[in-house]
Amino acid sequence: MISFEEARESVVDHASKLGTETLRLNRLLGRYLAEPLIAQTDIPLFDNSAVDGFGVRLQDVANASENSPTQLSLAGTISAGDPGDMGLSQGQTIKILTGATVPADVEAIVMREFCQEQNGHVLVKQPAQASENIRRRGGEFAHGQTVLHPGTRITPAVLGLIATLGYDKATVYRKPRVAVIVTGNELLSPGMELTPGKIYDSNSYALRAALVSHGVEKCSVMHTADDLASTKTTLQQALAKADIVISTGGVSVGDFDFVKDAAEQIDFQTIFWRIALKPGKPVYFGKLGNKLLFGLPGNPVSVLVTFHQLVKPALLKMMGAESTDAKLFPARLTKPLKKKAGRMEFVRGVVRTENNQLVVHPTIGQDSHMLGGLAQANCLIYFAKDSESLQSGDQVQVELLEWSAN
């Protein structure tokens with residue numbers, strides 16, 4: 001049985017980035033860049049105005065004030081899209097609108113709010129500083145500069161930047177194809193009538209939702225009976241169409257737990273089986289070529305916690321993410337916690353700000369079958385492997401439960 005830290009590191013080490021594809025702008029959201037994007041021009045490409053205002057020479061307005069404004073003659077107007085090839089002589093000003101080209105003779109732009117236009121003249125009511133309200137050419141990015149690096153996730157802001165750079169497409173990593181295998185003769189689909197000994201299948205719905213929220217578009221769900229032959233056949237079928245296979249249940253040491261045996265009969269290399277972790281001790285992780293198999297426990301909370309802590313890093317690595325590290329924050333615990341030493345425990349909690357500090361409240365319902373506690377939670381509290389107790393007021397590390405890609 002290995003530690004949680006060893007398990008997570010092993011998963012990331014064995015996951016491989018998938019191939020790449022080139023997509024147009026409208027299909028890039030949520031993907032990870034596979035190649036650097038370079039500024040094809042200076043950004044901005046030309047000096048332009050940050051405000052609606054009046055272009056001036058500094059000396060002309062050096063003594064301007066509210067009580068003693070400087071009068072300048074209006075030489076013309078430059079709107080966004082105009083070439084801006086207009087000269088500015090001493091004693092003149094040019095009306096320049098936001099985003100419009102700033103002529104070389106203009107040393108600063110005084111905001112419209114501090115000026116008064118009348119009868120072909122402008123009264124300027126304050127002095128100006130050099131380059132005030134002017135966005136200088138190349139002020140953000142220089143021509144040839146690397147702007148976006150491989151591994152960058154394409155958010156709406158990144159997508160806008162790609163368009164700003166003039167690219168209509170980009171090369172990104174492919175998304176993994178995932179197959180979910182649900183084991184258990186006791187499972188019924190929601191909506192069916194329950195009979196003695198039966199329960200509703202929640203794992204397939206929760207896992208599929210978690211995968212979709214991470215941007216996985218190709219996800220199939222399969223069911224198998226609790227016997228070795230059926231488990232082996234279903235696993236082979238899943239492998240034919242998936243980069244990652246995730247099974248739920250059938251990975252412990254019971255009479256009807258066949259996932260590990262079936263995987264090894266198909267020549268999967270067993271990387272680890274069982275982790276010093278709660279919830280989620282009976283986890284199987286195997287590899288066949290570049291394909292990964294996660295055998296997760298059957299209890300619903302264990303499924304989603306191990307997905308978040310182990311499957312998610314593999315997904316991120318395969319999709320090309322720059323980092324798969326967990327984001328941890330310190331918070332004050334509001335009630336004591338106890339456990340036996342020997343296993344890392346992820347306690348479900350709600351973290352929020354109280355009195356200008358982060359505090360975390362463990363949710364009610366911490367057993368591995370109690371989805372209610374996880375459904376309320378927005379974080380996981382790290383309860384270290386060798387610790388047996390935490391006191392109210394202790395500072396603990398929490399990880400936000402983000403059911404989407406980083």
# chains A, B, ... in the order shown; residues from 1 in each chain; ligands from 1
$ select_by_dssp --residues "range 121-358 of chain A" --states "alpha helix (DSSP H)" --output "PyMOL selection string"
chain A and resi 156-164+203-213+228-239+259-265+300-306+312-318
$ residues_around --residues "Phe329 in chain A" --least-positions-apart "6" --cutoff "7 Å" --atoms "only C-alpha atoms" --output "list in words"
Gln397, Val398 and Glu399 of chain A
$ closest_residue --among "A:Asp325, A:Asp201, A:Asp261, A:Glu354" --to "Asp227 in chain A" --atoms "only C-alpha atoms"
A:Asp261
$ select_by_dssp --residues "range 41-137 of chain A" --states "strand (DSSP E)" --output "MDAnalysis selection string"
chainID A and resid 48:49 53:56 70:78 92:96 108:111 115:118 121:124 134:135
$ residues_around --residues "Thr183 in chain A" --least-positions-apart "5" --cutoff "10 Å" --atoms "only C-alpha atoms" --output "PyMOL selection string"
chain A and resi 201+203-204+222-227+230-231+247-251+256-259+298
$ closest_residue --among "A:Pro279, A:Gly55, A:Gly144, A:Gly151" --to "Ala130 in chain A" --atoms "only C-alpha atoms"
A:Gly55
$ atom_distance --atom1 "CA of Gly91 in chain A" --atom2 "CA of Ser79 in chain A"
21.2 Å
$ residues_around --residues "Pro36 in chain A" --least-positions-apart "5" --cutoff "12 Å" --atoms "only C-alpha atoms" --output "compact mmCIF listing (two decimals) with C-alpha atoms, in the first residue's frame"
# COMPACT_ATOMS: atom_id res chain seq x y z
CA GLY A 144 8.58 38.49 -32.27
CA GLN A 145 7.94 38.19 -28.54
CA THR A 146 6.54 34.90 -27.22
CA VAL A 147 3.16 35.86 -25.79
CA LEU A 148 1.56 32.50 -24.95
CA HIS A 149 3.44 29.35 -24.01
CA PRO A 150 2.59 25.66 -24.54
CA GLY A 151 0.42 24.34 -21.72
CA THR A 152 -1.59 27.55 -21.44
CA ILE A 162 -5.10 34.97 -29.59
CA TYR A 167 -4.34 34.21 -35.29
CA ALA A 170 -4.02 27.45 -33.03
CA THR A 171 -2.48 24.03 -32.40
CA VAL A 172 -3.71 22.39 -29.19
$ residues_around --residues "range 283-297 of chain A" --least-positions-apart "3" --cutoff "8 Å" --atoms "only C-alpha atoms" --output "number ranges by chain"
A: 11, 14-16, 239, 242-252, 259-260, 263, 267-275, 280, 302-303, 306-307, 311
$ atom_distance --atom1 "CA of Arg27 in chain A" --atom2 "CA of Val178 in chain A"
19.9 Å
$ residues_around --residues "Leu337 in chain A" --least-positions-apart "4" --cutoff "10 Å" --atoms "only C-alpha atoms" --output "MDAnalysis selection string"
chainID A and resid 333 347 362 383 388:392
$ write_last_selection --atoms "N, CA and C atoms" --output "PDB file, in the first residue's frame"
ATOM      1  N   LEU A 333      -9.716  25.702  11.200  1.00  0.00           N
ATOM      2  CA  LEU A 333     -10.720  24.663  11.410  1.00  0.00           C
ATOM      3  C   LEU A 333     -11.693  25.097  12.495  1.00  0.00           C
ATOM      4  N   VAL A 347     -11.235  15.244   4.356  1.00  0.00           N
ATOM      5  CA  VAL A 347     -12.488  15.565   5.015  1.00  0.00           C
ATOM      6  C   VAL A 347     -13.220  16.609   4.181  1.00  0.00           C
ATOM      7  N   PRO A 362     -16.192  21.367   8.583  1.00  0.00           N
ATOM      8  CA  PRO A 362     -16.468  20.028   8.068  1.00  0.00           C
ATOM      9  C   PRO A 362     -17.970  19.836   7.874  1.00  0.00           C
ATOM     10  N   PHE A 383      -6.066  15.983   6.086  1.00  0.00           N
ATOM     11  CA  PHE A 383      -5.832  15.438   7.424  1.00  0.00           C
ATOM     12  C   PHE A 383      -4.677  14.446   7.266  1.00  0.00           C
ATOM     13  N   GLU A 388      -3.586  12.120  14.279  1.00  0.00           N
ATOM     14  CA  GLU A 388      -4.754  11.456  14.849  1.00  0.00           C
ATOM     15  C   GLU A 388      -5.829  12.443  15.273  1.00  0.00           C
ATOM     16  N   SER A 389      -5.458  13.709  15.424  1.00  0.00           N
ATOM     17  CA  SER A 389      -6.462  14.673  15.858  1.00  0.00           C
ATOM     18  C   SER A 389      -6.108  16.067  15.360  1.00  0.00           C
ATOM     19  N   LEU A 390      -7.142  16.839  15.132  1.00  0.00           N
ATOM     20  CA  LEU A 390      -7.024  18.259  14.831  1.00  0.00           C
ATOM     21  C   LEU A 390      -7.975  18.989  15.761  1.00  0.00           C
ATOM     22  N   GLN A 391      -7.539  20.137  16.273  1.00  0.00           N
ATOM     23  CA  GLN A 391      -8.345  20.872  17.229  1.00  0.00           C
ATOM     24  C   GLN A 391      -9.028  22.060  16.558  1.00  0.00           C
ATOM     25  N   SER A 392     -10.132  22.482  17.141  1.00  0.00           N
ATOM     26  CA  SER A 392     -10.799  23.687  16.666  1.00  0.00           C
ATOM     27  C   SER A 392      -9.826  24.858  16.778  1.00  0.00           C
TER      28      SER A 392
END
$ closest_residue --among "A:Gly320, A:Pro103, A:Gly184, A:Pro127" --to "Ala34 in chain A" --atoms "only C-alpha atoms"
A:Gly320
$ closest_residue --among "A:Leu37, A:Val124, A:Ala50, A:Leu161" --to "Glu66 in chain A" --atoms "only C-alpha atoms"
A:Val124
$ closest_residue --among "A:Val221, A:Ala80, A:Ile381, A:Ala375" --to "Val351 in chain A" --atoms "only C-alpha atoms"
A:Ile381
$ closest_residue --among "A:Glu5, A:Glu113, A:Glu35, A:Asp168" --to "Val51 in chain A" --atoms "only C-alpha atoms"
A:Glu113
$ atom_distance --atom1 "CA of Thr334 in chain A" --atom2 "CA of Val360 in chain A"
6.2 Å
$ closest_atom_pairs --of "range 140-216 of chain A" --to "range 365-372 of chain A" --cutoff "12 Å" --atoms "only C-alpha atoms" --output "Markdown table"
| residue | atom | partner | partner_atom | distance |
| --- | --- | --- | --- | --- |
| A:Ile199 | CA | A:His369 | CA | 11.9 |
| A:Ser202 | CA | A:Leu371 | CA | 9.7 |
| A:Asn203 | CA | A:Leu371 | CA | 10.6 |
| A:Ala206 | CA | A:Leu371 | CA | 10.5 |
$ write_last_selection --atoms "C-alpha atoms" --output "mmCIF file, in the first residue's frame"
data_model
loop_
_atom_site.group_PDB
_atom_site.id
_atom_site.type_symbol
_atom_site.label_atom_id
_atom_site.label_comp_id
_atom_site.auth_asym_id
_atom_site.auth_seq_id
_atom_site.Cartn_x
_atom_site.Cartn_y
_atom_site.Cartn_z
ATOM 1 C CA ILE A 199 -29.697 0.412 -5.189
ATOM 2 C CA SER A 202 -25.156 7.157 -9.154
ATOM 3 C CA ASN A 203 -21.500 6.637 -10.025
ATOM 4 C CA ALA A 206 -21.500 11.582 -11.371
#
